[in-house]
>>> print(open('final06.cif').read())   # mmCIF, C-alpha atoms and all ligand atoms; chains and numbers go by the auth columns
data_work
loop_
_atom_site.group_PDB
_atom_site.id
_atom_site.type_symbol
_atom_site.label_atom_id
_atom_site.label_comp_id
_atom_site.label_asym_id
_atom_site.label_seq_id
_atom_site.Cartn_x
_atom_site.Cartn_y
_atom_site.Cartn_z
_atom_site.B_iso_or_equiv
_atom_site.auth_seq_id
_atom_site.auth_asym_id
ATOM 1 C CA MET A 1 113.309 83.199 92.336 0.00 1217 L
ATOM 2 C CA GLU A 2 111.437 83.937 89.116 0.00 1218 L
ATOM 3 C CA SER A 3 107.945 84.817 90.176 0.00 1219 L
ATOM 4 C CA TYR A 4 104.665 85.211 88.390 0.00 1220 L
ATOM 5 C CA GLU A 5 101.459 86.946 89.244 0.00 1221 L
ATOM 6 C CA LEU A 6 98.358 84.848 89.684 0.00 1222 L
ATOM 7 C CA LEU A 7 95.550 85.948 87.500 0.00 1223 L
ATOM 8 C CA GLY A 8 92.103 86.521 88.878 0.00 1224 L
ATOM 9 C CA LEU A 9 88.798 86.233 87.123 0.00 1225 L
ATOM 10 C CA GLU A 10 88.726 87.962 83.773 0.00 1226 L
ATOM 11 C CA GLY A 11 92.445 87.553 83.456 0.00 1227 L
ATOM 12 C CA ILE A 12 93.254 90.585 85.598 0.00 1228 L
ATOM 13 C CA GLY A 13 96.310 90.471 87.846 0.00 1229 L
ATOM 14 C CA SER A 14 95.273 89.448 91.353 0.00 1230 L
ATOM 15 C CA GLY A 15 98.178 91.107 93.173 0.00 1231 L
ATOM 16 C CA ILE A 16 99.127 87.704 94.533 0.00 1232 L
ATOM 17 C CA TRP A 17 102.473 86.393 93.338 0.00 1233 L
ATOM 18 C CA ALA A 18 103.752 82.865 93.251 0.00 1234 L
ATOM 19 C CA CYS A 19 107.258 81.502 93.491 0.00 1235 L
ATOM 20 C CA GLY A 20 108.557 80.287 90.145 0.00 1236 L
ATOM 21 C CA GLU A 21 110.240 77.314 91.754 0.00 1237 L
ATOM 22 C CA CYS A 22 107.877 75.885 94.356 0.00 1238 L
ATOM 23 C CA HIS A 23 104.771 77.685 93.021 0.00 1239 L
ATOM 24 C CA LYS A 24 103.682 78.688 96.474 0.00 1240 L
ATOM 25 C CA PRO A 25 101.432 81.777 96.340 0.00 1241 L
ATOM 26 C CA HIS A 26 102.511 84.700 98.471 0.00 1242 L
ATOM 27 C CA LEU A 27 99.996 86.977 100.082 0.00 1243 L
ATOM 28 C CA ILE A 28 101.843 88.782 102.810 0.00 1244 L
ATOM 29 C CA ALA A 29 100.301 92.217 102.368 0.00 1245 L
ATOM 30 C CA THR A 30 96.850 93.556 101.740 0.00 1246 L
ATOM 31 C CA LYS A 31 95.549 97.085 101.780 0.00 1247 L
ATOM 32 C CA ALA A 32 91.832 97.825 101.957 0.00 1248 L
ATOM 33 C CA ASN A 33 91.235 94.130 101.317 0.00 1249 L
ATOM 34 C CA ARG A 34 93.276 94.248 98.092 0.00 1250 L
ATOM 35 C CA PRO A 35 96.557 92.385 97.819 0.00 1251 L
ATOM 36 C CA VAL A 36 99.533 94.763 97.609 0.00 1252 L
ATOM 37 C CA SER A 37 101.120 93.587 94.402 0.00 1253 L
ATOM 38 C CA ASP A 38 104.746 94.735 94.775 0.00 1254 L
ATOM 39 C CA MET A 39 105.133 93.520 98.353 0.00 1255 L
ATOM 40 C CA ASN A 40 103.737 90.119 97.462 0.00 1256 L
ATOM 41 C CA ARG A 41 105.947 90.011 94.421 0.00 1257 L
ATOM 42 C CA LYS A 42 108.991 90.721 96.568 0.00 1258 L
ATOM 43 C CA ALA A 43 108.025 87.876 98.928 0.00 1259 L
ATOM 44 C CA ALA A 44 107.620 85.525 95.978 0.00 1260 L
ATOM 45 C CA GLU A 45 111.014 86.581 94.589 0.00 1261 L
ATOM 46 C CA GLU A 46 112.634 85.820 97.904 0.00 1262 L
ATOM 47 C CA CYS A 47 110.963 82.427 98.153 0.00 1263 L
ATOM 48 C CA CYS A 48 113.369 79.576 97.441 0.00 1264 L
ATOM 49 C CA ALA A 49 116.127 82.117 96.775 0.00 1265 L
ATOM 50 C CA PRO A 50 119.577 81.207 98.046 0.00 1266 L
ATOM 51 C CA ARG A 51 120.536 82.964 101.251 0.00 1267 L
ATOM 52 C CA ASN A 52 123.840 83.764 102.799 0.00 1268 L
ATOM 53 C CA CYS A 53 124.526 82.881 106.378 0.00 1269 L
ATOM 54 C CA ARG A 54 124.198 86.030 108.467 0.00 1270 L
ATOM 55 C CA TYR A 55 127.258 85.003 110.462 0.00 1271 L
ATOM 56 C CA CYS A 56 129.812 83.758 107.935 0.00 1272 L
ATOM 57 C CA GLY A 57 128.300 85.108 104.723 0.00 1273 L
ATOM 58 C CA GLN A 58 128.526 81.790 102.875 0.00 1274 L
ATOM 59 C CA ILE A 59 125.529 80.271 101.152 0.00 1275 L
ATOM 60 C CA THR A 60 123.362 78.138 103.404 0.00 1276 L
ATOM 61 C CA GLU A 61 121.677 74.820 102.810 0.00 1277 L
ATOM 62 C CA ARG A 62 117.939 74.240 102.471 0.00 1278 L
ATOM 63 C CA ASP A 63 115.835 73.373 105.464 0.00 1279 L
ATOM 64 C CA TRP A 64 113.080 70.755 105.644 0.00 1280 L
ATOM 65 C CA SER A 65 110.607 73.084 103.913 0.00 1281 L
ATOM 66 C CA GLY A 66 112.955 73.680 100.976 0.00 1282 L
ATOM 67 C CA GLN A 67 113.924 77.218 101.996 0.00 1283 L
ATOM 68 C CA PHE A 68 117.529 78.224 102.389 0.00 1284 L
ATOM 69 C CA ARG A 69 118.381 78.754 106.020 0.00 1285 L
ATOM 70 C CA TRP A 70 119.166 82.199 107.436 0.00 1286 L
ATOM 71 C CA ALA A 71 122.307 80.856 109.050 0.00 1287 L
ATOM 72 C CA HIS A 72 124.343 77.685 109.295 0.00 1288 L
ATOM 73 C CA GLU A 73 123.409 75.741 112.380 0.00 1289 L
ATOM 74 C CA ALA A 74 127.092 75.612 113.357 0.00 1290 L
ATOM 75 C CA CYS A 75 127.570 79.376 112.957 0.00 1291 L
ATOM 76 C CA ILE A 76 124.859 80.368 115.436 0.00 1292 L
ATOM 77 C CA PRO A 77 126.636 81.263 118.669 0.00 1293 L
ATOM 78 C CA LYS A 78 125.700 79.005 121.527 0.00 1294 L
ATOM 79 C CA TYR A 79 125.198 80.278 125.016 0.00 1295 L
ATOM 80 C CA GLU A 80 127.571 78.339 127.193 0.00 1296 L
ATOM 81 C CA PRO A 81 127.716 79.250 130.853 0.00 1297 L
ATOM 82 C CA THR A 82 131.243 79.279 132.204 0.00 1298 L
ATOM 83 C CA PRO A 83 131.972 75.929 133.773 0.00 1299 L
ATOM 84 C CA PRO A 84 132.486 75.992 137.529 0.00 1300 L
ATOM 85 C CA HIS A 85 136.049 76.069 138.787 0.00 1301 L
ATOM 86 C CA SER A 86 137.410 72.536 139.203 0.00 1302 L
ATOM 87 C CA SER A 87 138.002 73.096 142.926 0.00 1303 L
ATOM 88 C CA MET A 88 134.243 73.333 143.359 0.00 1304 L
ATOM 89 C CA ALA A 89 134.009 69.588 142.786 0.00 1305 L
ATOM 90 C CA ASN A 90 134.637 69.396 146.525 0.00 1306 L
ATOM 91 C CA PRO A 91 131.144 69.264 148.117 0.00 1307 L
ATOM 92 C CA TYR A 92 132.349 71.199 151.178 0.00 1308 L
ATOM 93 C CA ALA A 93 133.569 73.949 148.873 0.00 1309 L
ATOM 94 C CA ARG A 94 130.100 74.166 147.357 0.00 1310 L
ATOM 95 C CA LEU A 95 128.423 74.228 150.765 0.00 1311 L
ATOM 96 C CA LEU A 96 130.853 76.857 152.006 0.00 1312 L
ATOM 97 C CA TYR A 97 130.215 78.986 148.945 0.00 1313 L
ATOM 98 C CA LYS A 98 126.464 78.564 149.422 0.00 1314 L
ATOM 99 C CA LYS A 99 126.698 79.605 153.051 0.00 1315 L
ATOM 100 C CA MET A 100 128.808 82.674 152.239 0.00 1316 L
ATOM 101 C CA SER A 101 126.390 83.644 149.490 0.00 1317 L
ATOM 102 C CA ASP A 102 123.364 83.168 151.781 0.00 1318 L
ATOM 103 C CA ILE A 103 124.908 85.464 154.386 0.00 1319 L
ATOM 104 C CA SER A 104 125.577 88.095 151.715 0.00 1320 L
ATOM 105 C CA GLU A 105 121.988 87.749 150.560 0.00 1321 L
ATOM 106 C CA ASP A 106 120.641 88.134 154.112 0.00 1322 L
ATOM 107 C CA CYS A 107 122.843 91.108 154.991 0.00 1323 L
ATOM 108 C CA TRP A 108 122.974 92.927 151.674 0.00 1324 L
ATOM 109 C CA CYS A 109 120.200 91.503 149.499 0.00 1325 L
ATOM 110 C CA ALA A 110 123.024 90.638 147.086 0.00 1326 L
ATOM 111 C CA GLY A 111 124.084 87.135 146.177 0.00 1327 L
ATOM 112 C CA TRP A 112 127.721 88.103 146.546 0.00 1328 L
ATOM 113 C CA MET A 113 128.502 91.535 147.956 0.00 1329 L
ATOM 114 C CA MET A 114 131.752 92.818 146.497 0.00 1330 L
ATOM 115 C CA GLY A 115 134.543 91.717 148.828 0.00 1331 L
ATOM 116 C CA ASN A 116 132.246 89.261 150.618 0.00 1332 L
ATOM 117 C CA GLU A 117 135.023 86.701 151.091 0.00 1333 L
ATOM 118 C CA TYR A 118 137.303 89.277 152.746 0.00 1334 L
ATOM 119 C CA ALA A 119 134.619 90.689 155.024 0.00 1335 L
ATOM 120 C CA LEU A 120 133.368 87.266 156.142 0.00 1336 L
ATOM 121 C CA TRP A 121 136.903 86.111 156.854 0.00 1337 L
ATOM 122 C CA LYS A 122 137.493 89.195 158.980 0.00 1338 L
ATOM 123 C CA ILE A 123 134.219 88.700 160.835 0.00 1339 L
ATOM 124 C CA LEU A 124 134.954 85.025 161.393 0.00 1340 L
ATOM 125 C CA HIS A 125 138.289 85.932 162.972 0.00 1341 L
ATOM 126 C CA GLY A 126 137.251 89.096 164.766 0.00 1342 L
ATOM 127 C CA ASP A 127 134.915 90.359 167.441 0.00 1343 L
ATOM 128 C CA ARG A 128 132.548 92.328 165.286 0.00 1344 L
ATOM 129 C CA HIS A 129 129.625 90.473 163.801 0.00 1345 L
ATOM 130 C CA ASP A 130 127.870 93.368 162.146 0.00 1346 L
ATOM 131 C CA TYR A 131 127.579 93.145 158.403 0.00 1347 L
ATOM 132 C CA GLY A 132 125.374 94.992 155.987 0.00 1348 L
ATOM 133 C CA TRP A 133 121.996 95.833 157.383 0.00 1349 L
ATOM 134 C CA GLY A 134 122.253 93.435 160.254 0.00 1350 L
ATOM 135 C CA GLY A 135 124.561 91.130 162.059 0.00 1351 L
ATOM 136 C CA ILE A 136 125.681 87.600 161.381 0.00 1352 L
ATOM 137 C CA ALA A 137 124.175 85.086 163.784 0.00 1353 L
ATOM 138 C CA TYR A 138 126.506 82.998 165.912 0.00 1354 L
ATOM 139 C CA GLU A 139 125.092 79.849 164.301 0.00 1355 L
ATOM 140 C CA ASP A 140 125.989 81.128 160.859 0.00 1356 L
ATOM 141 C CA LEU A 141 129.558 81.828 161.919 0.00 1357 L
ATOM 142 C CA GLU A 142 129.728 78.366 163.495 0.00 1358 L
ATOM 143 C CA GLU A 143 128.643 76.803 160.196 0.00 1359 L
ATOM 144 C CA LEU A 144 131.078 78.940 158.230 0.00 1360 L
ATOM 145 C CA ARG A 145 133.931 77.826 160.438 0.00 1361 L
ATOM 146 C CA LEU A 146 132.962 74.166 160.225 0.00 1362 L
ATOM 147 C CA LEU A 147 132.496 74.193 156.453 0.00 1363 L
ATOM 148 C CA SER A 148 135.787 75.985 155.955 0.00 1364 L
ATOM 149 C CA GLU A 149 137.570 73.410 158.111 0.00 1365 L
ATOM 150 C CA HIS A 150 136.052 70.534 156.156 0.00 1366 L
ATOM 151 C CA ALA A 151 136.753 72.175 152.816 0.00 1367 L
ATOM 152 C CA ASP A 152 140.267 72.868 154.088 0.00 1368 L
ATOM 153 C CA GLY A 153 140.255 76.325 152.614 0.00 1369 L
ATOM 154 C CA TRP A 154 138.245 79.427 151.832 0.00 1370 L
ATOM 155 C CA ILE A 155 136.242 80.648 148.871 0.00 1371 L
ATOM 156 C CA TRP A 156 137.781 83.283 146.625 0.00 1372 L
ATOM 157 C CA THR A 157 135.933 84.749 143.651 0.00 1373 L
ATOM 158 C CA GLY A 158 139.100 85.245 141.651 0.00 1374 L
ATOM 159 C CA PRO A 159 141.024 88.277 140.393 0.00 1375 L
ATOM 160 C CA GLU A 160 139.265 91.608 140.132 0.00 1376 L
ATOM 161 C CA MET A 161 136.389 91.827 137.664 0.00 1377 L
ATOM 162 C CA GLU A 162 136.388 88.099 137.309 0.00 1378 L
ATOM 163 C CA TYR A 163 133.775 86.128 139.125 0.00 1379 L
ATOM 164 C CA THR A 164 134.889 82.524 139.391 0.00 1380 L
ATOM 165 C CA PRO A 165 134.183 81.177 142.851 0.00 1381 L
ATOM 166 C CA GLN A 166 136.889 78.710 143.789 0.00 1382 L
ATOM 167 C CA LEU A 167 138.303 76.988 146.821 0.00 1383 L
ATOM 168 C CA VAL A 168 141.798 78.088 147.803 0.00 1384 L
ATOM 169 C CA CYS A 169 143.871 76.479 150.546 0.00 1385 L
ATOM 170 C CA PHE A 170 144.570 78.560 153.649 0.00 1386 L
ATOM 171 C CA ALA A 171 148.158 79.361 152.663 0.00 1387 L
ATOM 172 C CA GLU A 172 147.011 80.621 149.289 0.00 1388 L
ATOM 173 C CA TRP A 173 144.195 82.558 150.886 0.00 1389 L
ATOM 174 C CA GLU A 174 146.595 84.275 153.294 0.00 1390 L
ATOM 175 C CA SER A 175 148.684 85.514 150.388 0.00 1391 L
ATOM 176 C CA ILE A 176 145.566 86.658 148.500 0.00 1392 L
ATOM 177 C CA LEU A 177 144.484 88.476 151.631 0.00 1393 L
ATOM 178 C CA ALA A 178 147.902 90.117 151.988 0.00 1394 L
ATOM 179 C CA ALA A 179 147.939 91.140 148.330 0.00 1395 L
ATOM 180 C CA TRP A 180 144.447 92.554 148.668 0.00 1396 L
ATOM 181 C CA GLY A 181 145.804 95.045 151.195 0.00 1397 L
ATOM 182 C CA GLY A 182 144.259 96.609 154.236 0.00 1398 L
ATOM 183 C CA SER A 183 144.183 95.251 157.743 0.00 1399 L
ATOM 184 C CA GLY A 184 140.626 94.146 157.343 0.00 1400 L
ATOM 185 C CA ASP A 185 139.447 96.400 160.159 0.00 1401 L
ATOM 186 C CA ASP A 186 138.640 99.132 157.722 0.00 1402 L
ATOM 187 C CA LEU A 187 137.073 96.513 155.493 0.00 1403 L
ATOM 188 C CA VAL A 188 134.366 95.537 157.923 0.00 1404 L
ATOM 189 C CA SER A 189 133.670 99.137 158.855 0.00 1405 L
ATOM 190 C CA GLU A 190 133.688 99.984 155.180 0.00 1406 L
ATOM 191 C CA PHE A 191 131.077 97.346 154.639 0.00 1407 L
ATOM 192 C CA HIS A 192 129.158 98.440 157.679 0.00 1408 L
ATOM 193 C CA ALA A 193 125.870 100.092 156.818 0.00 1409 L
ATOM 194 C CA PRO A 194 125.237 103.542 158.280 0.00 1410 L
ATOM 195 C CA GLU A 195 123.808 103.420 161.788 0.00 1411 L
ATOM 196 C CA GLN A 196 120.191 104.297 162.113 0.00 1412 L
ATOM 197 C CA GLY A 197 119.664 107.051 164.648 0.00 1413 L
ATOM 198 C CA PRO A 198 116.996 106.615 167.329 0.00 1414 L
ATOM 199 C CA ALA A 199 113.529 107.556 166.206 0.00 1415 L
ATOM 200 C CA GLU A 200 112.559 111.056 167.263 0.00 1416 L
HETATM 201 ZN ZN ZN B . 109.488 78.888 96.525 0.00 1 C
HETATM 202 ZN ZN ZN B . 127.701 80.295 108.366 0.00 2 C
#
>>> encode(input="final06.cif", output="structure tokens")
Amino acid sequence: MESYELLGLEGIGSGIWACGECHKPHLIATKANRPVSDMNRKAAEECCAPRNCRYCGQITERDWSGQFRWAHEACIPKYEPTPPHSSMANPYARLLYKKMSDISEDCWCAGWMMGNEYALWKILHGDRHDYGWGGIAYEDLEELRLLSEHADGWIWTGPEMEYTPQLVCFAEWESILAAWGGSGDDLVSEFHAPEQGPAE
């Protein structure tokens, strides 16, 4: 807005500028203890000046201090985490997911190793219990089996590149498994960490 320079003693410009509307003095810059006149003037000019929303470009409204806002409240993007899949309302589905994730964490130090659901299914229905850097304990497999039975399905993280853990019934899971391809044997070996040779 219109600004004016405050005058110091002896009527000499002080280098401090005030807003012509709210008369607030602006001293944002000093150099060698002297106010920097043009920078303070610029700040005073911008005081109380209308602003356009940085998102939609339309003029904003004033805030509680009388300054125009930098953006409309409604235009500021909100961070909204994706809501969980509706099938996860089933508590057994959540427990099953948690168990599968814990095993991935233990064996791979990853909350959900890529293909975790396929590998765990194979391990649950096969003879090999090695996974990642270790093996899956019998107790863990027992819990997996029990949780899956109670949930009446298996956890799938959704189509490729999409991570939406969800409970699918066994029939659906079988078709997902078939579409995924591979016998599963190669899957577990693929996920198997390289053997450590005996220390020399
Ligand atoms: Zn002002
Ligand atoms: Zn806006």
>>> closest_atom_pairs(input="final06.cif", of="chain L", to="ligand ZN 2 (chain C)", cutoff="10 Å", atoms="only C-alpha atoms and all ligand atoms", output="CSV")
residue,atom,partner,partner_atom,distance
L:Asn1268,CA,C:ZN2,ZN,7.6
L:Cys1269,CA,C:ZN2,ZN,4.6
L:Arg1270,CA,C:ZN2,ZN,6.7
L:Tyr1271,CA,C:ZN2,ZN,5.2
L:Cys1272,CA,C:ZN2,ZN,4.1
L:Gly1273,CA,C:ZN2,ZN,6.1
L:Gln1274,CA,C:ZN2,ZN,5.8
L:Ile1275,CA,C:ZN2,ZN,7.5
L:Thr1276,CA,C:ZN2,ZN,6.9
L:Glu1277,CA,C:ZN2,ZN,9.9
L:Arg1285,CA,C:ZN2,ZN,9.7
L:Trp1286,CA,C:ZN2,ZN,8.8
L:Ala1287,CA,C:ZN2,ZN,5.5
L:His1288,CA,C:ZN2,ZN,4.4
L:Glu1289,CA,C:ZN2,ZN,7.4
L:Ala1290,CA,C:ZN2,ZN,6.9
L:Cys1291,CA,C:ZN2,ZN,4.7
L:Ile1292,CA,C:ZN2,ZN,7.6
>>> closest_residue(input="final06.cif", among="L:Gln1382, L:Gln1283, L:Asn1256, L:Thr1298", to="ligand ZN 1 (chain C)", atoms="all atoms listed in the file")
L:Gln1283
>>> residues_near_ligand(input="final06.cif", ligand="ligand ZN 1 (chain C)", cutoff="7 Å", atoms="all atoms listed in the file", output="ChimeraX atom specification")
/L:1235-1240,1260,1263-1264
>>> resolve_selection(input="final06.cif", expression="the PyMOL selection byres (((chain L and resi 1376) around 12) and not hetatm)", output="list of chain:residue names")
L:Met1330, L:Gly1331, L:Trp1372, L:Thr1373, L:Gly1374, L:Pro1375, L:Met1377, L:Glu1378, L:Tyr1379, L:Thr1380, L:Pro1381, L:Ile1392, L:Ala1395, L:Trp1396
>>> atom_distance(input="final06.cif", atom1="atom CA of L:Gly1282", atom2="atom CA of L:Asn1249")
29.8 Å
>>> closest_residue(input="final06.cif", among="L:Ala1353, L:Cys1325, L:Ala1335, L:Met1316", to="L:Ile1371", atoms="only C-alpha atoms")
L:Met1316
>>> residues_around(input="final06.cif", residues="L:Asp1343", least_positions_apart="3", cutoff="12 Å", atoms="all atoms listed in the file", output="short mmCIF file (atom, residue, chain, number, x, y, z; two decimals) with C-alpha atoms, in the frame of the given file")
data_model
loop_
_atom_site.label_atom_id
_atom_site.label_comp_id
_atom_site.auth_asym_id
_atom_site.auth_seq_id
_atom_site.Cartn_x
_atom_site.Cartn_y
_atom_site.Cartn_z
CA LEU L 1336 133.37 87.27 156.14
CA TRP L 1337 136.90 86.11 156.85
CA LYS L 1338 137.49 89.20 158.98
CA ILE L 1339 134.22 88.70 160.84
CA LEU L 1340 134.95 85.02 161.39
CA ASP L 1346 127.87 93.37 162.15
CA TYR L 1347 127.58 93.14 158.40
CA GLY L 1351 124.56 91.13 162.06
CA ILE L 1352 125.68 87.60 161.38
CA TYR L 1354 126.51 83.00 165.91
CA LEU L 1357 129.56 81.83 161.92
CA ASP L 1401 139.45 96.40 160.16
CA VAL L 1404 134.37 95.54 157.92
#
>>> atom_distance(input="final06.cif", atom1="atom CA of L:Leu1312", atom2="atom CA of L:Glu1365")
9.7 Å
>>> resolve_selection(input="final06.cif", expression="the PyMOL selection byres (((chain L and resi 1305-1307) around 12) and not hetatm)", output="ChimeraX atom specification")
/L:1299-1304,1308-1314,1363-1364,1366-1371,1381-1384
>>> atom_distance(input="final06.cif", atom1="atom CA of L:Glu1358", atom2="atom CA of L:Lys1315")
10.9 Å
>>> residues_around(input="final06.cif", residues="L:Thr1246", least_positions_apart="5", cutoff="12 Å", atoms="only C-alpha atoms", output="number ranges by chain")
L: 1230-1232, 1251-1256
>>> write_last_selection(input="final06.cif", atoms="C-alpha atoms", output="PDB file, keeping the file's coordinate frame")
ATOM      1  CA  SER L1230      95.273  89.448  91.353  1.00  0.00           C
ATOM      2  CA  GLY L1231      98.178  91.107  93.173  1.00  0.00           C
ATOM      3  CA  ILE L1232      99.127  87.704  94.533  1.00  0.00           C
ATOM      4  CA  PRO L1251      96.557  92.385  97.819  1.00  0.00           C
ATOM      5  CA  VAL L1252      99.533  94.763  97.609  1.00  0.00           C
ATOM      6  CA  SER L1253     101.120  93.587  94.402  1.00  0.00           C
ATOM      7  CA  ASP L1254     104.746  94.735  94.775  1.00  0.00           C
ATOM      8  CA  MET L1255     105.133  93.520  98.353  1.00  0.00           C
ATOM      9  CA  ASN L1256     103.737  90.119  97.462  1.00  0.00           C
TER      10      ASN L1256
END
>>> build_atoms(input="final06.cif", residues="stretch 1365-1388 of chain L", atoms="N, CA and C atoms", output="CSV table (one decimal), in the frame of the given file")
chain,number,residue,atom,x,y,z
L,1365,GLU,N,136.7,74.4,157.6
L,1365,GLU,CA,137.6,73.4,158.1
L,1365,GLU,C,137.5,72.1,157.3
L,1366,HIS,N,136.2,71.7,157.0
L,1366,HIS,CA,136.1,70.5,156.2
L,1366,HIS,C,136.5,70.7,154.7
L,1367,ALA,N,136.3,71.9,154.2
L,1367,ALA,CA,136.8,72.2,152.8
L,1367,ALA,C,138.3,72.3,152.8
L,1368,ASP,N,138.8,72.6,153.9
L,1368,ASP,CA,140.3,72.9,154.1
L,1368,ASP,C,140.7,74.1,153.3
L,1369,GLY,N,139.9,75.1,153.3
L,1369,GLY,CA,140.3,76.3,152.6
L,1369,GLY,C,139.1,77.3,152.7
L,1370,TRP,N,139.2,78.3,151.8
L,1370,TRP,CA,138.2,79.4,151.8
L,1370,TRP,C,137.8,79.7,150.4
L,1371,ILE,N,136.7,80.4,150.2
L,1371,ILE,CA,136.2,80.6,148.9
L,1371,ILE,C,136.8,82.0,148.4
L,1372,TRP,N,137.3,82.0,147.3
L,1372,TRP,CA,137.8,83.3,146.6
L,1372,TRP,C,137.1,83.4,145.3
L,1373,THR,N,136.7,84.6,144.9
L,1373,THR,CA,135.9,84.7,143.7
L,1373,THR,C,136.9,85.1,142.5
L,1374,GLY,N,138.2,85.0,142.7
L,1374,GLY,CA,139.1,85.2,141.7
L,1374,GLY,C,139.6,86.7,141.5
L,1375,PRO,N,140.5,86.9,140.6
L,1375,PRO,CA,141.0,88.3,140.4
L,1375,PRO,C,139.9,89.3,140.1
L,1376,GLU,N,140.2,90.5,140.3
L,1376,GLU,CA,139.3,91.6,140.1
L,1376,GLU,C,138.5,91.5,138.8
L,1377,MET,N,137.3,91.8,138.8
L,1377,MET,CA,136.4,91.8,137.7
L,1377,MET,C,136.1,90.4,137.1
L,1378,GLU,N,136.6,89.5,137.8
L,1378,GLU,CA,136.4,88.1,137.3
L,1378,GLU,C,135.6,87.4,138.4
L,1379,TYR,N,134.6,86.8,138.1
L,1379,TYR,CA,133.8,86.1,139.1
L,1379,TYR,C,133.8,84.6,138.9
L,1380,THR,N,134.8,84.0,139.5
L,1380,THR,CA,134.9,82.5,139.4
L,1380,THR,C,135.1,82.0,140.8
L,1381,PRO,N,134.0,81.7,141.5
L,1381,PRO,CA,134.2,81.2,142.9
L,1381,PRO,C,135.0,79.9,142.9
L,1382,GLN,N,136.0,79.9,143.7
L,1382,GLN,CA,136.9,78.7,143.8
L,1382,GLN,C,137.4,78.5,145.2
L,1383,LEU,N,137.7,77.3,145.5
L,1383,LEU,CA,138.3,77.0,146.8
L,1383,LEU,C,139.8,77.2,146.8
L,1384,VAL,N,140.3,77.9,147.7
L,1384,VAL,CA,141.8,78.1,147.8
L,1384,VAL,C,142.2,77.6,149.2
L,1385,CYS,N,143.4,77.0,149.3
L,1385,CYS,CA,143.9,76.5,150.5
L,1385,CYS,C,144.2,77.7,151.4
L,1386,PHE,N,144.4,77.4,152.7
L,1386,PHE,CA,144.6,78.6,153.6
L,1386,PHE,C,145.8,79.4,153.3
L,1387,ALA,N,146.9,78.7,153.0
L,1387,ALA,CA,148.2,79.4,152.7
L,1387,ALA,C,148.0,80.3,151.5
L,1388,GLU,N,147.3,79.8,150.5
L,1388,GLU,CA,147.0,80.6,149.3
L,1388,GLU,C,146.1,81.8,149.7
